[in-house]
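Heads up, protein.pdb below (PDB, C-alpha atoms, pLDDT in the B column):
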ATOM      1  CA  GLN A   1       0.000   0.000   0.000  1.00 73.00           C
ATOM      2  CA  LYS A   2       1.426   3.332  -1.037  1.00 77.00           C
ATOM      3  CA  GLU A   3       1.452   5.759   1.867  1.00 89.00           C
ATOM      4  CA  VAL A   4       1.787   9.503   2.138  1.00 94.00           C
ATOM      5  CA  GLU A   5       2.354  10.739   5.670  1.00 95.00           C
ATOM      6  CA  GLN A   6       1.953  14.207   7.067  1.00 95.00           C
ATOM      7  CA  ASN A   7       1.921  15.552  10.591  1.00 90.00           C
ATOM      8  CA  SER A   8      -1.710  16.487  11.207  1.00 85.00           C
ATOM      9  CA  GLY A   9      -0.775  19.498  13.306  1.00 87.00           C
ATOM     10  CA  PRO A  10      -2.001  21.976  14.124  1.00 93.00           C
ATOM     11  CA  LEU A  11       1.175  23.835  13.305  1.00 96.00           C
ATOM     12  CA  SER A  12       1.055  27.320  14.738  1.00 97.00           C
ATOM     13  CA  VAL A  13       3.430  30.082  13.653  1.00 97.00           C
ATOM     14  CA  PRO A  14       3.428  33.835  14.263  1.00 98.00           C
ATOM     15  CA  GLU A  15       2.742  36.225  11.420  1.00 98.00           C
ATOM     16  CA  GLY A  16       5.894  36.906   9.418  1.00 98.00           C
ATOM     17  CA  ALA A  17       7.607  33.655  10.389  1.00 98.00           C
ATOM     18  CA  ILE A  18       8.545  30.730   8.144  1.00 98.00           C
ATOM     19  CA  ALA A  19       6.138  27.793   8.199  1.00 97.00           C
ATOM     20  CA  SER A  20       7.660  24.415   7.374  1.00 97.00           C
ATOM     21  CA  LEU A  21       5.380  21.584   6.296  1.00 97.00           C
ATOM     22  CA  ASN A  22       6.706  18.080   5.787  1.00 97.00           C
ATOM     23  CA  CYS A  23       5.601  14.985   3.924  1.00 97.00           C
ATOM     24  CA  THR A  24       7.068  11.511   3.517  1.00 97.00           C
ATOM     25  CA  TYR A  25       6.040   8.862   1.021  1.00 95.00           C
ATOM     26  CA  SER A  26       6.571   5.146   0.741  1.00 93.00           C
ATOM     27  CA  ASP A  27       6.629   4.473  -3.008  1.00 89.00           C
ATOM     28  CA  ARG A  28      10.220   4.776  -4.228  1.00 87.00           C
ATOM     29  CA  VAL A  29       9.213   5.137  -7.881  1.00 87.00           C
ATOM     30  CA  SER A  30       7.073   8.219  -7.226  1.00 87.00           C
ATOM     31  CA  GLN A  31       7.711  10.845  -9.864  1.00 88.00           C
ATOM     32  CA  SER A  32       5.545  13.886  -9.240  1.00 94.00           C
ATOM     33  CA  PHE A  33       4.809  15.780  -6.062  1.00 96.00           C
ATOM     34  CA  PHE A  34       2.159  18.376  -5.382  1.00 96.00           C
ATOM     35  CA  TRP A  35       1.103  20.686  -2.589  1.00 98.00           C
ATOM     36  CA  TYR A  36      -2.519  21.742  -2.272  1.00 98.00           C
ATOM     37  CA  ARG A  37      -3.992  24.317   0.076  1.00 98.00           C
ATOM     38  CA  GLN A  38      -7.475  23.656   1.439  1.00 97.00           C
ATOM     39  CA  TYR A  39      -9.377  26.284   3.361  1.00 97.00           C
ATOM     40  CA  SER A  40     -12.009  25.038   5.802  1.00 94.00           C
ATOM     41  CA  GLY A  41     -15.105  23.893   3.929  1.00 93.00           C
ATOM     42  CA  LYS A  42     -13.519  24.458   0.517  1.00 95.00           C
ATOM     43  CA  SER A  43     -11.896  22.240  -2.098  1.00 97.00           C
ATOM     44  CA  PRO A  44      -8.112  21.767  -2.525  1.00 97.00           C
ATOM     45  CA  GLU A  45      -6.283  24.382  -4.573  1.00 97.00           C
ATOM     46  CA  LEU A  46      -2.980  23.514  -6.251  1.00 96.00           C
ATOM     47  CA  ILE A  47      -0.161  25.775  -5.086  1.00 96.00           C
ATOM     48  CA  MET A  48       3.062  23.970  -6.042  1.00 96.00           C
ATOM     49  CA  SER A  49       4.319  21.034  -8.061  1.00 96.00           C
ATOM     50  CA  ILE A  50       7.849  19.615  -8.061  1.00 96.00           C
ATOM     51  CA  TYR A  51       9.367  16.795 -10.078  1.00 94.00           C
ATOM     52  CA  SER A  52      13.126  16.788  -9.525  1.00 94.00           C
ATOM     53  CA  ASN A  53      15.372  16.887  -6.482  1.00 96.00           C
ATOM     54  CA  GLY A  54      16.131  20.271  -5.010  1.00 97.00           C
ATOM     55  CA  ASP A  55      14.199  23.440  -4.389  1.00 97.00           C
ATOM     56  CA  LYS A  56      11.498  25.143  -6.413  1.00 97.00           C
ATOM     57  CA  GLU A  57      10.444  28.648  -5.489  1.00 97.00           C
ATOM     58  CA  ASP A  58       7.222  30.477  -6.358  1.00 96.00           C
ATOM     59  CA  GLY A  59       6.716  33.741  -4.550  1.00 97.00           C
ATOM     60  CA  ARG A  60       6.606  33.090  -0.814  1.00 98.00           C
ATOM     61  CA  PHE A  61       6.414  29.327  -1.351  1.00 98.00           C
ATOM     62  CA  THR A  62       9.363  26.947  -1.722  1.00 98.00           C
ATOM     63  CA  ALA A  63       8.929  23.243  -2.355  1.00 98.00           C
ATOM     64  CA  GLN A  64      11.850  20.956  -1.531  1.00 98.00           C
ATOM     65  CA  LEU A  65      12.231  17.389  -2.787  1.00 97.00           C
ATOM     66  CA  ASN A  66      14.651  14.695  -1.683  1.00 97.00           C
ATOM     67  CA  LYS A  67      13.865  11.450  -3.495  1.00 95.00           C
ATOM     68  CA  ALA A  68      16.618   9.498  -1.746  1.00 95.00           C
ATOM     69  CA  SER A  69      15.013  10.251   1.606  1.00 95.00           C
ATOM     70  CA  GLN A  70      11.472  10.050   0.154  1.00 95.00           C
ATOM     71  CA  TYR A  71      10.726  13.433   1.593  1.00 96.00           C
ATOM     72  CA  VAL A  72       9.043  16.559   0.270  1.00 98.00           C
ATOM     73  CA  SER A  73       8.475  19.790   2.126  1.00 98.00           C
ATOM     74  CA  LEU A  74       6.804  23.149   1.677  1.00 98.00           C
ATOM     75  CA  LEU A  75       8.183  26.345   3.169  1.00 98.00           C
ATOM     76  CA  ILE A  76       6.013  29.418   3.445  1.00 98.00           C
ATOM     77  CA  ARG A  77       8.008  32.590   4.048  1.00 98.00           C
ATOM     78  CA  ASP A  78       6.569  35.698   5.684  1.00 98.00           C
ATOM     79  CA  SER A  79       3.496  33.727   6.776  1.00 98.00           C
ATOM     80  CA  GLN A  80       0.229  35.633   6.760  1.00 98.00           C
ATOM     81  CA  PRO A  81      -3.039  34.918   8.610  1.00 97.00           C
ATOM     82  CA  SER A  82      -4.543  34.231   5.167  1.00 97.00           C
ATOM     83  CA  ASP A  83      -2.165  31.251   4.876  1.00 98.00           C
ATOM     84  CA  SER A  84      -4.083  29.536   7.683  1.00 98.00           C
ATOM     85  CA  ALA A  85      -5.432  26.392   6.034  1.00 97.00           C
ATOM     86  CA  THR A  86      -4.830  22.678   5.713  1.00 97.00           C
ATOM     87  CA  TYR A  87      -2.009  21.766   3.342  1.00 97.00           C
ATOM     88  CA  LEU A  88      -2.275  18.485   1.468  1.00 97.00           C
ATOM     89  CA  CYS A  89       0.715  16.661   0.051  1.00 97.00           C
ATOM     90  CA  ALA A  90       0.040  14.527  -3.041  1.00 96.00           C
ATOM     91  CA  VAL A  91       2.358  12.039  -4.694  1.00 94.00           C
ATOM     92  CA  ASN A  92       1.943  10.517  -8.136  1.00 91.00           C
ATOM     93  CA  SER A  93       3.755   7.549  -9.585  1.00 83.00           C
ATOM     94  CA  GLN A  94       4.323   6.491 -13.167  1.00 73.00           C
ATOM     95  CA  ASP A  95       1.168   4.374 -13.108  1.00 74.00           C
ATOM     96  CA  ASN A  96      -0.776   7.534 -12.328  1.00 76.00           C
ATOM     97  CA  ASP A  97      -1.763   6.333  -8.860  1.00 83.00           C
ATOM     98  CA  MET A  98      -2.079   9.690  -7.080  1.00 89.00           C
ATOM     99  CA  ARG A  99      -2.016   9.436  -3.278  1.00 92.00           C
ATOM    100  CA  PHE A 100      -2.900  12.196  -0.850  1.00 94.00           C
ATOM    101  CA  GLY A 101      -1.767  12.749   2.691  1.00 94.00           C
ATOM    102  CA  ALA A 102      -4.344  13.612   5.340  1.00 94.00           C
ATOM    103  CA  GLY A 103      -2.999  17.152   5.521  1.00 95.00           C
ATOM    104  CA  THR A 104      -1.322  19.468   8.017  1.00 96.00           C
ATOM    105  CA  ARG A 105      -3.407  22.212   9.562  1.00 96.00           C
ATOM    106  CA  LEU A 106      -1.511  25.495   9.693  1.00 97.00           C
ATOM    107  CA  THR A 107      -2.523  28.434  11.866  1.00 97.00           C
ATOM    108  CA  VAL A 108      -0.767  31.785  11.436  1.00 98.00           C
ATOM    109  CA  LYS A 109      -1.333  34.015  14.441  1.00 97.00           C
ATOM    110  CA  PRO A 110      -1.381  37.827  13.979  1.00 94.00           C
TER     111      PRO A 110
ATOM    112  CA  ASP B 111     -13.617  31.207 -17.451  1.00 61.00           C
ATOM    113  CA  GLY B 112     -12.373  27.645 -17.546  1.00 69.00           C
ATOM    114  CA  GLY B 113     -13.025  25.458 -14.591  1.00 94.00           C
ATOM    115  CA  ILE B 114     -14.851  22.627 -12.913  1.00 97.00           C
ATOM    116  CA  THR B 115     -18.335  23.009 -11.519  1.00 97.00           C
ATOM    117  CA  GLN B 116     -20.097  20.701  -9.106  1.00 97.00           C
ATOM    118  CA  SER B 117     -23.683  20.841  -8.056  1.00 93.00           C
ATOM    119  CA  PRO B 118     -25.315  21.045  -5.696  1.00 94.00           C
ATOM    120  CA  LYS B 119     -23.009  22.483  -3.037  1.00 95.00           C
ATOM    121  CA  TYR B 120     -25.000  20.832  -0.231  1.00 96.00           C
ATOM    122  CA  LEU B 121     -27.224  17.783  -0.543  1.00 95.00           C
ATOM    123  CA  PHE B 122     -29.390  16.120   2.057  1.00 94.00           C
ATOM    124  CA  ARG B 123     -30.935  12.712   1.537  1.00 92.00           C
ATOM    125  CA  LYS B 124     -32.721  10.041   3.497  1.00 92.00           C
ATOM    126  CA  GLU B 125     -31.097   6.672   3.936  1.00 91.00           C
ATOM    127  CA  GLY B 126     -32.033   4.230   1.196  1.00 91.00           C
ATOM    128  CA  GLN B 127     -32.238   6.838  -1.569  1.00 92.00           C
ATOM    129  CA  ASN B 128     -29.898   7.027  -4.526  1.00 94.00           C
ATOM    130  CA  VAL B 129     -28.463  10.436  -5.284  1.00 95.00           C
ATOM    131  CA  THR B 130     -26.503  11.803  -8.265  1.00 96.00           C
ATOM    132  CA  LEU B 131     -23.779  14.415  -7.959  1.00 97.00           C
ATOM    133  CA  SER B 132     -22.984  16.538 -10.970  1.00 97.00           C
ATOM    134  CA  CYS B 133     -19.496  17.398 -12.260  1.00 98.00           C
ATOM    135  CA  GLU B 134     -18.852  19.456 -15.384  1.00 98.00           C
ATOM    136  CA  GLN B 135     -15.564  20.811 -16.744  1.00 97.00           C
ATOM    137  CA  ASN B 136     -14.766  23.141 -19.638  1.00 96.00           C
ATOM    138  CA  LEU B 137     -10.991  22.714 -19.455  1.00 95.00           C
ATOM    139  CA  ASN B 138     -10.960  20.219 -22.351  1.00 95.00           C
ATOM    140  CA  HIS B 139      -9.366  17.672 -20.017  1.00 94.00           C
ATOM    141  CA  ASP B 140      -9.487  14.013 -20.951  1.00 94.00           C
ATOM    142  CA  ALA B 141      -9.202  12.571 -17.446  1.00 94.00           C
ATOM    143  CA  MET B 142     -11.693  13.042 -14.633  1.00 96.00           C
ATOM    144  CA  TYR B 143     -11.790  11.745 -11.078  1.00 96.00           C
ATOM    145  CA  TRP B 144     -14.098  11.420  -8.095  1.00 98.00           C
ATOM    146  CA  TYR B 145     -12.706  11.536  -4.579  1.00 97.00           C
ATOM    147  CA  ARG B 146     -14.258  11.315  -1.171  1.00 97.00           C
ATOM    148  CA  GLN B 147     -12.917  13.261   1.815  1.00 96.00           C
ATOM    149  CA  ASP B 148     -13.702  12.388   5.419  1.00 94.00           C
ATOM    150  CA  PRO B 149     -12.449  14.345   8.434  1.00 86.00           C
ATOM    151  CA  GLY B 150      -8.834  13.519   9.308  1.00 80.00           C
ATOM    152  CA  GLN B 151      -8.318  11.359   6.228  1.00 83.00           C
ATOM    153  CA  GLY B 152      -6.649  11.879   2.908  1.00 86.00           C
ATOM    154  CA  LEU B 153      -8.639  11.988  -0.292  1.00 94.00           C
ATOM    155  CA  ARG B 154      -9.733   8.535  -1.428  1.00 95.00           C
ATOM    156  CA  LEU B 155     -10.330   7.733  -5.063  1.00 95.00           C
ATOM    157  CA  ILE B 156     -13.779   6.420  -5.934  1.00 97.00           C
ATOM    158  CA  TYR B 157     -13.707   6.249  -9.744  1.00 97.00           C
ATOM    159  CA  TYR B 158     -11.701   7.728 -12.558  1.00 95.00           C
ATOM    160  CA  SER B 159     -12.178   8.120 -16.277  1.00 95.00           C
ATOM    161  CA  GLN B 160      -9.313   8.282 -18.739  1.00 92.00           C
ATOM    162  CA  ILE B 161     -11.447   9.257 -21.700  1.00 93.00           C
ATOM    163  CA  VAL B 162     -15.049   9.418 -22.874  1.00 94.00           C
ATOM    164  CA  ASN B 163     -16.999   6.155 -22.517  1.00 95.00           C
ATOM    165  CA  ASP B 164     -14.362   4.698 -20.229  1.00 95.00           C
ATOM    166  CA  PHE B 165     -14.146   4.561 -16.441  1.00 96.00           C
ATOM    167  CA  GLN B 166     -12.325   2.484 -13.855  1.00 95.00           C
ATOM    168  CA  LYS B 167     -12.879   1.694 -10.183  1.00 96.00           C
ATOM    169  CA  GLY B 168     -10.704   3.376  -7.616  1.00 94.00           C
ATOM    170  CA  ASP B 169      -9.964   2.240  -4.084  1.00 93.00           C
ATOM    171  CA  ILE B 170     -13.485   2.632  -2.683  1.00 96.00           C
ATOM    172  CA  ALA B 171     -15.900   2.098  -5.601  1.00 97.00           C
ATOM    173  CA  GLU B 172     -18.391  -0.114  -3.749  1.00 96.00           C
ATOM    174  CA  GLY B 173     -21.791   1.552  -3.510  1.00 96.00           C
ATOM    175  CA  TYR B 174     -21.004   4.119  -6.217  1.00 97.00           C
ATOM    176  CA  SER B 175     -21.532   4.284  -9.981  1.00 97.00           C
ATOM    177  CA  VAL B 176     -20.449   6.714 -12.700  1.00 98.00           C
ATOM    178  CA  SER B 177     -20.894   7.412 -16.400  1.00 97.00           C
ATOM    179  CA  ARG B 178     -18.806   9.341 -18.936  1.00 98.00           C
ATOM    180  CA  GLU B 179     -20.971   9.937 -21.985  1.00 97.00           C
ATOM    181  CA  LYS B 180     -19.497  13.366 -22.724  1.00 97.00           C
ATOM    182  CA  LYS B 181     -15.977  14.679 -22.288  1.00 97.00           C
ATOM    183  CA  GLU B 182     -17.243  17.523 -20.141  1.00 97.00           C
ATOM    184  CA  SER B 183     -19.378  15.537 -17.726  1.00 98.00           C
ATOM    185  CA  PHE B 184     -18.671  12.840 -15.136  1.00 98.00           C
ATOM    186  CA  PRO B 185     -21.661  12.364 -12.791  1.00 98.00           C
ATOM    187  CA  LEU B 186     -21.400  10.220  -9.668  1.00 98.00           C
ATOM    188  CA  THR B 187     -24.328   8.254  -8.253  1.00 97.00           C
ATOM    189  CA  VAL B 188     -24.230   7.343  -4.593  1.00 96.00           C
ATOM    190  CA  THR B 189     -26.433   4.288  -4.222  1.00 94.00           C
ATOM    191  CA  SER B 190     -28.244   2.928  -1.195  1.00 91.00           C
ATOM    192  CA  ALA B 191     -25.587   0.193  -1.059  1.00 90.00           C
ATOM    193  CA  GLN B 192     -22.966   2.682   0.151  1.00 91.00           C
ATOM    194  CA  LYS B 193     -22.733   2.099   3.907  1.00 90.00           C
ATOM    195  CA  ASN B 194     -21.449   5.500   5.007  1.00 92.00           C
ATOM    196  CA  PRO B 195     -22.305   8.012   2.287  1.00 95.00           C
ATOM    197  CA  THR B 196     -22.066  11.179   4.362  1.00 96.00           C
ATOM    198  CA  ALA B 197     -18.886  12.912   3.180  1.00 96.00           C
ATOM    199  CA  PHE B 198     -17.401  15.726   1.116  1.00 97.00           C
ATOM    200  CA  TYR B 199     -17.245  14.664  -2.544  1.00 98.00           C
ATOM    201  CA  LEU B 200     -14.674  16.192  -4.843  1.00 98.00           C
ATOM    202  CA  CYS B 201     -14.485  15.997  -8.607  1.00 98.00           C
ATOM    203  CA  ALA B 202     -11.151  16.627 -10.323  1.00 97.00           C
ATOM    204  CA  SER B 203      -9.737  16.644 -13.815  1.00 96.00           C
ATOM    205  CA  SER B 204      -6.349  16.543 -15.501  1.00 93.00           C
ATOM    206  CA  ILE B 205      -5.193  17.066 -19.068  1.00 91.00           C
ATOM    207  CA  GLN B 206      -4.528  13.400 -19.667  1.00 83.00           C
ATOM    208  CA  TRP B 207      -4.429  10.184 -17.703  1.00 79.00           C
ATOM    209  CA  GLY B 208      -1.201   8.241 -17.456  1.00 78.00           C
ATOM    210  CA  VAL B 209       1.192  11.179 -17.326  1.00 79.00           C
ATOM    211  CA  SER B 210       2.225  11.582 -13.719  1.00 75.00           C
ATOM    212  CA  PHE B 211       3.251  15.223 -13.906  1.00 79.00           C
ATOM    213  CA  TYR B 212      -0.110  16.493 -15.090  1.00 86.00           C
ATOM    214  CA  GLU B 213      -1.727  18.237 -12.157  1.00 91.00           C
ATOM    215  CA  GLN B 214      -5.234  17.503 -10.985  1.00 94.00           C
ATOM    216  CA  TYR B 215      -7.581  20.436 -10.510  1.00 95.00           C
ATOM    217  CA  PHE B 216     -10.576  20.257  -8.237  1.00 97.00           C
ATOM    218  CA  GLY B 217     -14.141  21.464  -8.377  1.00 98.00           C
ATOM    219  CA  PRO B 218     -15.729  23.205  -5.374  1.00 97.00           C
ATOM    220  CA  GLY B 219     -17.119  19.968  -3.957  1.00 97.00           C
ATOM    221  CA  THR B 220     -20.508  18.653  -2.849  1.00 97.00           C
ATOM    222  CA  ARG B 221     -21.191  18.017   0.817  1.00 97.00           C
ATOM    223  CA  LEU B 222     -23.606  15.093   1.106  1.00 96.00           C
ATOM    224  CA  THR B 223     -25.447  14.341   4.316  1.00 96.00           C
ATOM    225  CA  VAL B 224     -27.531  11.176   4.596  1.00 93.00           C
ATOM    226  CA  THR B 225     -29.769  10.672   7.606  1.00 91.00           C
TER     227      THR B 225
END

So, in terms of structure tokens, how does the structure I just supplied come out?
Amino acid sequence: QKEVEQNSGPLSVPEGAIASLNCTYSDRVSQSFFWYRQYSGKSPELIMSIYSNGDKEDGRFTAQLNKASQYVSLLIRDSQPSDSATYLCAVNSQDNDMRFGAGTRLTVKP
Amino acid sequence: DGGITQSPKYLFRKEGQNVTLSCEQNLNHDAMYWYRQDPGQGLRLIYYSQIVNDFQKGDIAEGYSVSREKKESFPLTVTSAQKNPTAFYLCASSIQWGVSFYEQYFGPGTRLTVT
């Protein structure tokens, strides 16, 4: 069974700080990695995708991938109260079997 | 505007009734998906469709049925055989099935409550 694990949180950070969200996965042949943001009562919204080892930056968001350690993370710089949401990690393999973690709830306190 | 629409947003049904959830997309995507989300759990795949007139069972297909008669539409029927139908149902689409780096985009969801 392919697993995607996330700390459920809640993770609480002060406004302006860096929030670090982590995700591990079990399937070694996973190829594509995605971060979704889900506000309470709403559907997931894609915020980042990453496919190769290293860092990928998009505005205040940085995704980091380490395939050897089967680890992907999302850093949110200068966190804002509007970043308060649940962040879902998703992992896709070459057989297109997308797996989602249960999500980490982030709270950014003003 | 391109996107995925789901209707209704909220749905209430009595136990023993079948109910159909609508999903429409105008993104010209070939692949469509239905997921179920329960509190504290990851999204679980119910059914997916690679292309028109084709669909495959996901991890939790029992008690559900789908059709894909048009590229734009992928309705989900929750039957009375589904033991715990109360959940948040999400429809998604991607450009093509079978290419792992194509992102999935989600509709706004339908929250179904069965009493």

For this file, the PyMOL selection byres ((chain B and resi 113) around 12) selects which residues, as a PDB file with C-alpha atoms, in the coordinates of the input?
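In the end it all went to out_36.pdb:
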ATOM      1  CA  ASP B 111     -13.617  31.207 -17.451  1.00 61.00           C
ATOM      2  CA  GLY B 112     -12.373  27.645 -17.546  1.00 69.00           C
ATOM      3  CA  ILE B 114     -14.851  22.627 -12.913  1.00 97.00           C
ATOM      4  CA  THR B 115     -18.335  23.009 -11.519  1.00 97.00           C
ATOM      5  CA  GLN B 116     -20.097  20.701  -9.106  1.00 97.00           C
ATOM      6  CA  CYS B 133     -19.496  17.398 -12.260  1.00 98.00           C
ATOM      7  CA  GLU B 134     -18.852  19.456 -15.384  1.00 98.00           C
ATOM      8  CA  GLN B 135     -15.564  20.811 -16.744  1.00 97.00           C
ATOM      9  CA  ASN B 136     -14.766  23.141 -19.638  1.00 96.00           C
ATOM     10  CA  LEU B 137     -10.991  22.714 -19.455  1.00 95.00           C
ATOM     11  CA  ASN B 138     -10.960  20.219 -22.351  1.00 95.00           C
ATOM     12  CA  HIS B 139      -9.366  17.672 -20.017  1.00 94.00           C
ATOM     13  CA  GLU B 182     -17.243  17.523 -20.141  1.00 97.00           C
ATOM     14  CA  CYS B 201     -14.485  15.997  -8.607  1.00 98.00           C
ATOM     15  CA  ALA B 202     -11.151  16.627 -10.323  1.00 97.00           C
ATOM     16  CA  SER B 203      -9.737  16.644 -13.815  1.00 96.00           C
ATOM     17  CA  SER B 204      -6.349  16.543 -15.501  1.00 93.00           C
ATOM     18  CA  GLN B 214      -5.234  17.503 -10.985  1.00 94.00           C
ATOM     19  CA  TYR B 215      -7.581  20.436 -10.510  1.00 95.00           C
ATOM     20  CA  PHE B 216     -10.576  20.257  -8.237  1.00 97.00           C
ATOM     21  CA  GLY B 217     -14.141  21.464  -8.377  1.00 98.00           C
ATOM     22  CA  PRO B 218     -15.729  23.205  -5.374  1.00 97.00           C
TER      23      PRO B 218
END

Write out, as a tab-separated table, each residue of stretch 112-216 of chain B that has an atom at most 12 Å from stretch 73-89 of chain A, together with the closest pair of atoms and their distance in Å to one decimal, counting all atoms listed in the file, rows going by chain and rising number.
residue	atom	partner	partner_atom	distance
B:Gln147	CA	A:Leu88	CA	11.9
B:Pro149	CA	A:Thr86	CA	11.6
B:Gly150	CA	A:Thr86	CA	10.6
B:Gln151	CA	A:Leu88	CA	10.5
B:Gly152	CA	A:Leu88	CA	8.1
B:Leu153	CA	A:Leu88	CA	9.3

Note to self: When the PyMOL selection byres ((chain A and resi 110) around 7) is applied to the structure above, which residues does it catch, written out as a ChimeraX atom specification?
What the structure shows: /A:14-15,81,108-109

Checklist line | atom CA of A:Ala90 to atom CA of A:Tyr51, straight-line distance in Å | finding: 11.9 Å

Select all residues from chain A having any atom no more than 6 Å from an atom of chain B (counting all atoms listed in the file, ignoring ligands), output as a PDB file with C-alpha atoms, keeping the file's coordinate frame.
ATOM      1  CA  SER A  32       5.545  13.886  -9.240  1.00 94.00           C
ATOM      2  CA  SER A  43     -11.896  22.240  -2.098  1.00 97.00           C
ATOM      3  CA  ASN A  92       1.943  10.517  -8.136  1.00 91.00           C
ATOM      4  CA  SER A  93       3.755   7.549  -9.585  1.00 83.00           C
ATOM      5  CA  GLN A  94       4.323   6.491 -13.167  1.00 73.00           C
ATOM      6  CA  ASN A  96      -0.776   7.534 -12.328  1.00 76.00           C
ATOM      7  CA  PHE A 100      -2.900  12.196  -0.850  1.00 94.00           C
ATOM      8  CA  GLY A 101      -1.767  12.749   2.691  1.00 94.00           C
ATOM      9  CA  ALA A 102      -4.344  13.612   5.340  1.00 94.00           C
TER      10      ALA A 102
END

Check: Could you tell me, as a PyMOL selection string, which residues have any atom at most 9 Å from (-16.4, 6.5, -4.5), counting all atoms listed in the file?
Finding: chain B and resi 144-146+154-157+167-175+186-188+192+199

Margin query: I need the output of the PyMOL selection byres ((chain B and resi 129) around 7) for this file as a VMD selection string; which residues are they?
Written below: chain B and resid 127 to 128 130 to 131 187 to 189

Store the residues of this selection in a file with C-alpha atoms, as a compact mmCIF listing (two decimals), in the frame of the given file.
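What follows is the written file part_11.txt:
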# COMPACT_ATOMS: atom_id res chain seq x y z
CA GLN B 127 -32.24 6.84 -1.57
CA ASN B 128 -29.90 7.03 -4.53
CA THR B 130 -26.50 11.80 -8.26
CA LEU B 131 -23.78 14.42 -7.96
CA THR B 187 -24.33 8.25 -8.25
CA VAL B 188 -24.23 7.34 -4.59
CA THR B 189 -26.43 4.29 -4.22

Given 4 Å of margin on each side, can you work out the centre and size in Å (one decimal) of an axis-aligned box holding every listed atom of stretch 35-48 of chain A, as JSON?
{"center_x": -6.0, "center_y": 23.5, "center_z": -0.2, "size_x": 26.2, "size_y": 13.6, "size_z": 20.1}

Next item on the list: Record the distance separating atom CA of A:Asn53 and atom CA of A:Ser30, expressed in Å with one decimal.
Entry: 12.0 Å

Next item on the list: Identify the residues around (-9.2, 13.0, -20.8) within a radius of 6 Å, measuring from all atoms listed in the file in the coordinates stated by the file, and give them as a PyMOL selection string.
Entry: chain B and resi 139-141+160-161+205-206

Checklist line | 10 Å contact set for A:Lys67, all atoms listed in the file, chain neighbours under 6 positions out, as a PyMOL selection string | finding: chain A and resi 24-25+28-31+51-54

Long-range neighbours of B:Gly126 as a PDB file with C-alpha atoms, keeping the file's coordinate frame, 10 Å cut-off, all atoms listed in the file, 6 positions minimum in chain:
ATOM      1  CA  THR B 189     -26.433   4.288  -4.222  1.00 94.00           C
ATOM      2  CA  SER B 190     -28.244   2.928  -1.195  1.00 91.00           C
ATOM      3  CA  ALA B 191     -25.587   0.193  -1.059  1.00 90.00           C
ATOM      4  CA  GLN B 192     -22.966   2.682   0.151  1.00 91.00           C
ATOM      5  CA  LYS B 193     -22.733   2.099   3.907  1.00 90.00           C
ATOM      6  CA  VAL B 224     -27.531  11.176   4.596  1.00 93.00           C
ATOM      7  CA  THR B 225     -29.769  10.672   7.606  1.00 91.00           C
TER       8      THR B 225
END

Notebook entry, point to check: Quick one: residues within 10 Å of A:Asn7, all atoms listed in the file counted, chain neighbours fewer than 3 positions away excluded, as a PyMOL selection string?
Noted result: chain A and resi 10-11+21-24+101-105

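The space separating atom CA of B:Ser117 from atom CA of B:Asp164 comes to 22.3 Å.
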